[in-house]
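Next up, coords.txt (compact mmCIF, C-alpha atoms and all ligand atoms):
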```txt
# COMPACT_ATOMS: atom_id res chain seq x y z
CA MET X 93 0.00 0.00 0.00
CA PHE X 94 2.86 2.40 0.82
CA LYS X 95 4.48 3.52 -2.40
CA GLY X 96 6.84 6.04 -0.82
CA ARG X 97 9.34 5.97 2.02
CA ILE X 98 8.02 6.89 5.45
CA TYR X 99 11.41 6.95 7.19
CA PRO X 100 13.83 8.64 7.97
CA LEU X 101 10.99 10.98 8.93
CA ARG X 102 10.02 11.15 12.57
CA PRO X 103 7.27 8.72 13.41
CA PRO X 104 3.95 10.57 13.32
CA ARG X 105 2.19 11.66 16.49
CA THR X 106 0.83 8.51 18.12
CA SER X 107 -2.39 9.88 19.53
CA PRO X 108 -4.55 11.16 16.68
CA ILE X 109 -5.90 14.63 17.30
CA SER X 110 -9.39 15.18 16.00
CA GLY X 111 -10.61 18.16 14.05
CA VAL X 112 -7.20 19.05 12.63
CA ILE X 113 -6.35 19.43 8.94
CA ASP X 114 -3.40 20.56 6.78
CA LEU X 115 -4.02 22.53 3.59
CA HIS X 116 -0.42 22.71 2.35
CA ALA X 117 1.47 19.52 1.52
CA HIS X 118 3.85 18.43 -1.26
CA SER X 119 4.49 14.97 -2.72
CA THR X 120 6.97 13.33 -5.10
CA ALA X 121 4.94 14.89 -7.92
CA SER X 122 7.03 17.98 -7.12
CA ASP X 123 9.76 18.15 -4.48
CA GLY X 124 8.26 16.25 -1.55
CA SER X 125 9.74 12.90 -0.52
CA LEU X 126 6.50 10.93 -0.04
CA SER X 127 4.41 9.61 -2.90
CA PRO X 128 0.83 10.91 -2.94
CA THR X 129 -0.34 7.57 -1.49
CA ALA X 130 2.24 7.58 1.30
CA LEU X 131 1.41 11.22 2.07
CA VAL X 132 -2.28 10.40 2.50
CA ALA X 133 -1.40 7.34 4.59
CA ARG X 134 0.73 9.51 6.84
CA ALA X 135 -2.04 12.09 7.17
CA ALA X 136 -4.41 9.32 8.23
CA GLU X 137 -1.84 8.04 10.76
CA CYS X 138 -1.54 11.56 12.15
CA GLY X 139 -5.32 11.66 12.57
CA LEU X 140 -5.86 14.51 10.11
CA GLY X 141 -9.35 14.89 8.67
CA ALA X 142 -8.26 16.55 5.42
CA ILE X 143 -5.17 17.60 3.49
CA ALA X 144 -4.61 19.71 0.39
CA LEU X 145 -2.06 18.43 -2.10
CA VAL X 146 -0.46 21.55 -3.59
CA ASP X 147 2.59 20.42 -5.56
CA HIS X 148 4.60 23.13 -7.31
CA ASP X 149 3.55 23.66 -10.93
CA THR X 150 1.74 20.33 -11.25
CA THR X 151 -1.46 18.47 -10.43
CA ALA X 152 0.06 15.13 -11.47
CA GLY X 153 -0.19 13.67 -7.94
CA VAL X 154 -3.85 14.54 -7.38
CA ALA X 155 -5.51 11.47 -8.92
CA GLU X 156 -3.34 9.07 -6.91
CA ALA X 157 -3.91 11.09 -3.72
CA GLN X 158 -7.67 11.10 -4.29
CA ALA X 159 -7.72 7.33 -4.72
CA ALA X 160 -5.70 6.88 -1.51
CA ALA X 161 -7.89 9.38 0.34
CA ALA X 162 -11.00 7.38 -0.51
CA GLU X 163 -9.32 4.30 0.94
CA PHE X 164 -8.35 6.09 4.17
CA SER X 165 -11.64 8.05 4.49
CA LEU X 166 -9.72 11.29 4.45
CA GLU X 167 -10.75 14.41 2.59
CA LEU X 168 -8.36 15.40 -0.17
CA VAL X 169 -8.44 18.94 -1.49
CA PRO X 170 -6.94 19.04 -5.01
CA GLY X 171 -4.62 21.96 -5.59
CA CYS X 172 -1.28 23.29 -6.70
CA GLU X 173 1.20 25.99 -5.70
CA LEU X 174 2.31 28.53 -8.29
CA SER X 175 5.12 31.05 -8.04
CA ALA X 176 4.54 34.56 -9.33
CA GLU X 177 6.69 37.63 -9.91
CA PHE X 178 7.32 39.73 -6.85
CA GLY X 179 10.04 42.35 -6.83
CA THR X 180 13.38 40.59 -7.15
CA GLY X 181 11.96 37.34 -5.78
CA GLU X 182 8.64 35.57 -6.00
CA LEU X 183 5.42 35.15 -4.10
CA HIS X 184 3.50 31.90 -3.91
CA LEU X 185 -0.17 31.29 -4.60
CA LEU X 186 -2.18 28.24 -3.63
CA GLY X 187 -5.08 27.14 -5.81
CA LEU X 188 -7.43 25.02 -3.69
CA TYR X 189 -10.23 22.89 -5.14
CA LEU X 190 -9.04 23.33 -8.69
CA ASP X 191 -9.98 20.93 -11.46
CA PRO X 192 -6.74 18.94 -11.85
CA LEU X 193 -7.68 18.11 -15.43
CA SER X 194 -8.44 21.67 -16.60
CA PRO X 195 -6.93 21.83 -20.13
CA ALA X 196 -5.92 25.50 -19.84
CA LEU X 197 -4.19 24.86 -16.53
CA ALA X 198 -2.51 21.69 -17.85
CA GLN X 199 -1.14 23.62 -20.81
CA ALA X 200 0.17 26.48 -18.70
CA LEU X 201 1.73 24.13 -16.15
CA GLY X 202 3.32 22.14 -18.98
CA GLU X 203 4.93 25.33 -20.27
CA LEU X 204 6.26 26.11 -16.79
CA ARG X 205 7.81 22.66 -16.47
CA THR X 206 9.43 23.00 -19.91
CA ALA X 207 10.86 26.36 -18.88
CA ARG X 208 12.17 24.70 -15.70
CA HIS X 209 14.29 22.32 -17.79
CA ALA X 210 15.95 25.19 -19.64
CA ARG X 211 16.59 27.00 -16.37
CA ASN X 212 17.94 23.88 -14.65
CA ARG X 213 20.42 23.38 -17.49
CA ILE X 214 21.66 26.97 -17.05
CA ILE X 215 22.15 26.36 -13.31
CA ILE X 216 24.00 23.11 -14.01
CA ASP X 217 26.29 24.76 -16.57
CA LYS X 218 27.15 27.40 -13.96
CA LEU X 219 27.83 24.68 -11.39
CA LYS X 220 30.08 22.81 -13.82
CA ALA X 221 32.01 26.02 -14.48
CA LEU X 222 32.52 26.23 -10.69
CA GLY X 223 33.97 22.70 -10.68
CA ALA X 224 30.96 20.57 -9.71
CA ARG X 225 30.75 17.14 -11.29
CA ILE X 226 27.07 16.99 -11.88
CA ASP X 227 24.93 16.15 -14.88
CA TYR X 228 21.31 16.75 -15.69
CA GLU X 229 20.51 13.06 -16.12
CA THR X 230 21.29 12.47 -12.42
CA VAL X 231 19.09 15.39 -11.41
CA LEU X 232 16.24 14.06 -13.56
CA ARG X 233 16.64 10.63 -11.99
CA LEU X 234 16.39 12.15 -8.51
CA ALA X 235 13.29 14.09 -9.46
CA GLY X 236 11.47 11.00 -10.76
CA ASP X 237 8.40 12.17 -12.68
CA GLY X 238 8.08 15.34 -10.62
CA ALA X 239 8.51 19.02 -11.52
CA VAL X 240 12.32 19.31 -11.52
CA GLY X 241 13.95 22.12 -9.58
CA ARG X 242 16.65 23.38 -7.28
CA PRO X 243 15.91 20.92 -4.44
CA HIS X 244 16.81 18.08 -6.83
CA ILE X 245 19.93 19.90 -8.02
CA ALA X 246 20.89 20.40 -4.35
CA GLN X 247 20.47 16.67 -3.75
CA ALA X 248 22.65 15.84 -6.77
CA LEU X 249 25.33 18.23 -5.47
CA VAL X 250 25.33 16.41 -2.12
CA GLU X 251 25.54 13.02 -3.79
CA SER X 252 28.44 14.17 -5.96
CA GLY X 253 30.30 15.28 -2.81
CA PHE X 254 30.58 18.89 -3.98
CA VAL X 255 28.67 20.11 -0.90
CA GLN X 256 27.93 18.51 2.47
CA THR X 257 24.23 19.25 2.75
CA ARG X 258 21.39 20.50 0.60
CA GLN X 259 21.31 23.65 2.69
CA ASP X 260 25.01 24.25 1.87
CA ALA X 261 24.10 23.98 -1.79
CA PHE X 262 21.51 26.74 -1.38
CA ASN X 263 23.67 28.90 0.88
CA ARG X 264 26.81 28.72 -1.23
CA LEU X 265 25.59 28.19 -4.78
CA ILE X 266 21.98 28.01 -5.88
CA GLY X 267 20.07 30.17 -3.38
CA ASN X 268 18.49 33.34 -4.79
CA GLY X 269 21.31 35.51 -6.09
CA GLY X 270 23.88 32.74 -5.53
CA LYS X 271 26.84 32.14 -7.88
CA ALA X 272 25.03 29.41 -9.78
CA TYR X 273 21.53 30.87 -9.50
CA ALA X 274 19.32 31.46 -12.52
CA PRO X 275 15.81 32.91 -12.31
CA LYS X 276 12.75 30.80 -12.94
CA THR X 277 10.11 31.67 -15.51
CA VAL X 278 7.01 32.62 -13.56
CA PHE X 279 3.67 34.28 -14.23
CA SER X 280 2.68 37.70 -13.03
CA PRO X 281 0.43 37.49 -9.96
CA ALA X 282 -2.55 38.57 -12.11
CA GLU X 283 -1.90 35.82 -14.67
CA ALA X 284 -1.36 33.16 -12.01
CA ILE X 285 -4.57 34.09 -10.18
CA ARG X 286 -6.56 34.19 -13.42
CA LEU X 287 -5.24 30.78 -14.43
CA LEU X 288 -6.03 29.17 -11.09
CA LYS X 289 -9.49 30.71 -10.95
CA ALA X 290 -10.23 29.61 -14.51
CA ALA X 291 -9.56 26.06 -13.26
CA GLY X 292 -12.16 26.58 -10.51
CA ALA X 293 -9.74 27.25 -7.65
CA SER X 294 -10.07 29.37 -4.56
CA VAL X 295 -6.78 31.28 -4.55
CA MET X 296 -4.79 31.96 -1.39
CA LEU X 297 -1.62 33.96 -0.91
CA ALA X 298 0.73 31.33 0.53
CA HIS X 299 2.82 32.05 3.64
CA PRO X 300 2.63 35.88 3.52
CA GLY X 301 5.05 36.02 6.46
CA LEU X 302 7.85 34.64 4.28
CA LEU X 303 7.70 37.83 2.19
CA HIS X 304 9.11 39.71 5.20
CA MET X 305 7.12 42.83 4.43
CA ALA X 306 6.21 45.68 6.73
CA PRO X 307 2.53 45.35 7.70
CA LYS X 308 1.47 48.36 5.58
CA SER X 309 3.17 47.11 2.39
CA GLU X 310 1.88 43.62 3.04
CA GLU X 311 -1.64 44.96 3.26
CA ALA X 312 -1.15 46.98 0.06
CA LEU X 313 0.08 43.85 -1.72
CA ILE X 314 -2.90 41.83 -0.51
CA ASP X 315 -5.27 44.60 -1.65
CA GLU X 316 -3.64 44.54 -5.07
CA LEU X 317 -3.94 40.75 -5.30
CA VAL X 318 -7.58 40.90 -4.18
CA GLY X 319 -8.08 43.27 -7.11
CA HIS X 320 -6.87 40.41 -9.33
CA GLY X 321 -9.26 37.92 -7.69
CA LEU X 322 -7.37 36.62 -4.65
CA ASP X 323 -9.80 34.89 -2.27
CA GLY X 324 -7.79 34.53 0.90
CA ILE X 325 -4.51 34.26 2.76
CA GLU X 326 -2.61 31.42 4.39
CA ALA X 327 -2.59 33.09 7.79
CA ILE X 328 -1.81 29.87 9.66
CA TYR X 329 1.59 28.53 8.59
CA SER X 330 4.50 26.58 10.09
CA GLU X 331 6.96 29.46 9.93
CA HIS X 332 4.63 32.24 11.07
CA THR X 333 5.18 33.56 14.57
CA PRO X 334 2.10 33.76 16.81
CA ALA X 335 2.17 37.55 16.32
CA GLN X 336 2.22 37.19 12.52
CA THR X 337 -0.62 34.70 12.63
CA ASP X 338 -2.73 36.97 14.81
CA ARG X 339 -2.05 39.96 12.58
CA LEU X 340 -2.93 38.03 9.41
CA LEU X 341 -6.09 36.57 10.96
CA ALA X 342 -7.17 40.07 11.96
CA LEU X 343 -6.38 41.39 8.47
CA ALA X 344 -8.44 38.59 6.89
CA ARG X 345 -11.35 39.32 9.19
CA ARG X 346 -11.19 43.04 8.48
CA LYS X 347 -11.13 42.53 4.71
CA GLY X 348 -13.54 39.61 4.52
CA LEU X 349 -10.85 37.29 3.14
CA ILE X 350 -10.86 33.53 3.53
CA VAL X 351 -8.23 32.06 5.84
CA SER X 352 -6.18 29.02 4.91
CA GLY X 353 -3.61 27.11 6.91
CA GLY X 354 -1.00 24.44 6.39
CA SER X 355 2.42 23.09 7.20
CA ASP X 356 4.22 23.08 3.78
CA PHE X 357 5.18 19.48 4.50
CA HIS X 358 7.85 18.11 2.11
CA GLY X 359 8.82 14.94 4.03
CA SER X 360 12.54 14.30 4.43
CA ALA X 361 13.23 17.11 1.94
CA LYS X 362 12.31 19.51 4.80
CA PRO X 363 12.71 17.31 7.87
CA HIS X 364 11.94 19.99 10.46
CA ILE X 365 8.35 20.37 9.20
CA GLU X 366 5.86 17.65 10.15
CA LEU X 367 2.54 17.05 8.43
CA GLY X 368 -0.33 18.56 10.43
CA CYS X 369 1.83 20.16 13.11
CA GLY X 370 4.64 22.00 11.31
CA ARG X 371 7.46 22.74 13.76
CA GLY X 372 5.34 21.23 16.53
CA SER X 373 2.83 23.89 17.42
CA LEU X 374 0.88 24.38 14.19
CA THR X 375 -2.82 23.62 14.45
CA VAL X 376 -5.22 24.16 11.58
CA PRO X 377 -8.76 23.48 12.82
CA ASP X 378 -11.25 21.90 10.43
CA ALA X 379 -13.37 25.05 10.79
CA VAL X 380 -10.86 26.60 8.34
CA LEU X 381 -11.93 24.15 5.64
CA ASP X 382 -15.61 24.56 6.56
CA ALA X 383 -15.27 28.31 5.99
CA ILE X 384 -13.52 27.79 2.63
CA LYS X 385 -16.31 25.45 1.55
CA ALA X 386 -19.00 27.85 2.75
CA ARG X 387 -17.44 30.67 0.70
CA ARG X 388 -17.24 28.43 -2.36
CA ARG X 389 -20.89 27.48 -2.01
CA GLU X 390 -21.78 31.18 -1.84
CA GLN X 391 -19.78 31.66 -5.05
CA GLY X 392 -21.61 28.73 -6.70
CA LEU X 393 -18.39 26.69 -6.88
CA PRO X 394 -18.17 22.92 -6.23
CA VAL X 395 -16.54 21.53 -3.09
P1 LIG L 1 12.72 26.09 -7.55
O1 LIG L 1 11.22 26.07 -7.70
O2 LIG L 1 13.40 25.11 -8.43
O3 LIG L 1 13.29 27.48 -7.63
O4 LIG L 1 13.00 25.58 -6.05
C1 LIG L 1 12.35 26.24 -5.00
C2 LIG L 1 12.48 25.39 -3.76
O5 LIG L 1 13.85 25.36 -3.34
C3 LIG L 1 11.71 25.95 -2.59
O6 LIG L 1 10.41 25.44 -2.54
C4 LIG L 1 12.52 25.48 -1.40
O7 LIG L 1 12.13 24.14 -1.06
C5 LIG L 1 13.92 25.41 -1.92
N1 LIG L 1 14.71 26.61 -1.57
C6 LIG L 1 14.74 27.80 -2.18
N2 LIG L 1 15.62 28.65 -1.60
C7 LIG L 1 16.14 27.95 -0.56
C8 LIG L 1 17.10 28.27 0.45
N3 LIG L 1 17.72 29.46 0.49
N4 LIG L 1 17.39 27.31 1.36
C9 LIG L 1 16.80 26.09 1.30
N5 LIG L 1 15.89 25.74 0.39
C10 LIG L 1 15.56 26.65 -0.52
ZN ZN L 2 8.60 22.81 -2.41
FE FE L 3 5.78 28.13 -1.07
FE FE L 4 4.85 24.84 -0.52
```
Have the structure of the file written as structure tokens, please.
Amino acid sequence: MFKGRIYPLRPPRTSPISGVIDLHAHSTASDGSLSPTALVARAAECGLGAIALVDHDTTAGVAEAQAAAAEFSLELVPGCELSAEFGTGELHLLGLYLDPLSPALAQALGELRTARHARNRIIIDKLKALGARIDYETVLRLAGDGAVGRPHIAQALVESGFVQTRQDAFNRLIGNGGKAYAPKTVFSPAEAIRLLKAAGASVMLAHPGLLHMAPKSEEALIDELVGHGLDGIEAIYSEHTPAQTDRLLALARRKGLIVSGGSDFHGSAKPHIELGCGRGSLTVPDAVLDAIKARRREQGLPV
């Protein structure tokens, strides 16, 4: 039944907690370490009532996750995470409840994955020029059928012995602005939101706290994104401080935005983040999903 590796992750919490969900998880369809089936199995073990699968630039894991979810009587929210232009970096958008088979979305995501290959080759050429013995075939093998990106390149660098850890690879070479960095092709926020909404999604600004903005600029950004159709914000997130969470919850309330919440679980690719509880204290109550569904029903959208 388990198609992916469970260990070397920590064993999940032994006593299932009821009424808790996680609307931000990745699988091997992008850069997570658990297959969609193993991810759902782990969510069930953790006692979660629902998870959203939001792989980067792909919905390829959704069908498998849905089949597993039916087996484990767990609710699976189909989704994906898209990057969009933001200053010199990027912001992330989550599309929840999208149609994973939407042709327009499939075409756009396909183009993103093709652009990723070109970008990965540029990064690898830069790494070779710096003396790394690394080739793209190894990176592709590590990525399996998933959307290929820097986490896989980091893994290949570790395996080649050029760096000690994946984090070293990011810190010294392929992190934003690093010596071997190359930018990724991404949509504008307006295009990304339009695309996700055209596929039926409710669109959330992912982990706003990671943008490290002053509250006023953050609010201005959210207003701008709402103008493009943004539905809500991921106020509850593994790396948000309690103060950030409170501020974002208050902002959502004030503006009538939907609230989302999740861990950003990647399995052993991000070992400090556990499904359903993040760094240990994350709790996303199922009322969060109830509110998302209620808003979708008001909008005449399926849940
Ligand atoms: P890509 O989409 O190929 O640009 O890869 C983005 C992913 O790389 C993110 O989702 C993170 O998992 C990882 N990443 C990006 N920057 C860093 C960093 N400075 N340290 C560790 N991981 C990073
Ligand atoms: Zn990721
Ligand atoms: Fe993200
Ligand atoms: Fe994520």
What are the centre and the three edge lengths of an axis-aligned box that wraps all atoms of ligand LIG 1 (chain L) in the file, given that 5 Å is added to every side, written as AutoDock Vina command-line options and rounded to one decimal in Å?
```
--center_x 14.1 --center_y 26.8 --center_z -3.5 --size_x 17.3 --size_y 15.3 --size_z 19.8
```
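Residues in contact with Val380 of chain X at 9 Å, where only C-alpha atoms are counted and same-chain residues fewer than 3 positions away are skipped, are listed as Ile113, Ile350, Val351, Ser352, Gly353, Val376, Pro377, Ala383, Ile384 and Lys385 of chain X.
Identified as lying at most 9 Å from ligand ZN 2 (chain L) when counting all atoms listed in the file are the residues Ala117, His118, Ser119, Ser122, Asp123, Gly124, Asp147, His148, Glu173, Gly241, Pro243, Asp356, Phe357, His358, Ala361 and Lys362 of chain X.
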- request: Considering all atoms listed in the file, state which residue in the set X:Ala152, X:Ala239, X:Ala200, X:Leu131 is at the smallest distance from ligand LIG 1 (chain L).
  value: X:Ala239
task: Select the residues contacting ligand FE 3 (chain L) at a distance of at most 9 Å, based on only C-alpha atoms and all ligand atoms, then format the selection as number ranges by chain.
output: X: 116, 148, 173-175, 183-186, 298-299, 302, 356
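With distances restricted to only C-alpha atoms and all ligand atoms, X:Asp260 is the closest residue to ligand LIG 1 (chain L) from X:Asp260, X:Glu316, X:Glu366, X:Glu251.
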Residues within 12 Å of Ile325 of chain X, all atoms listed in the file, excluding chain neighbours under 4 positions, as a PyMOL selection string: chain X and resi 115+184-188+294-301+310-311+313-315+317-318+329+337+339-345+347-354+380+384
Just want the 6 Å neighbourhood of segment 228-235 of chain X, counted on only C-alpha atoms, with same-chain residues fewer than 5 positions away dropped. Output as a PDB file with C-alpha atoms, in the coordinates of the input.
```pdb
ATOM      1  CA  VAL X 240      12.320  19.310 -11.520  1.00  0.00           C
ATOM      2  CA  HIS X 244      16.810  18.080  -6.830  1.00  0.00           C
ATOM      3  CA  ILE X 245      19.930  19.900  -8.020  1.00  0.00           C
ATOM      4  CA  ALA X 248      22.650  15.840  -6.770  1.00  0.00           C
TER       5      ALA X 248
END
```
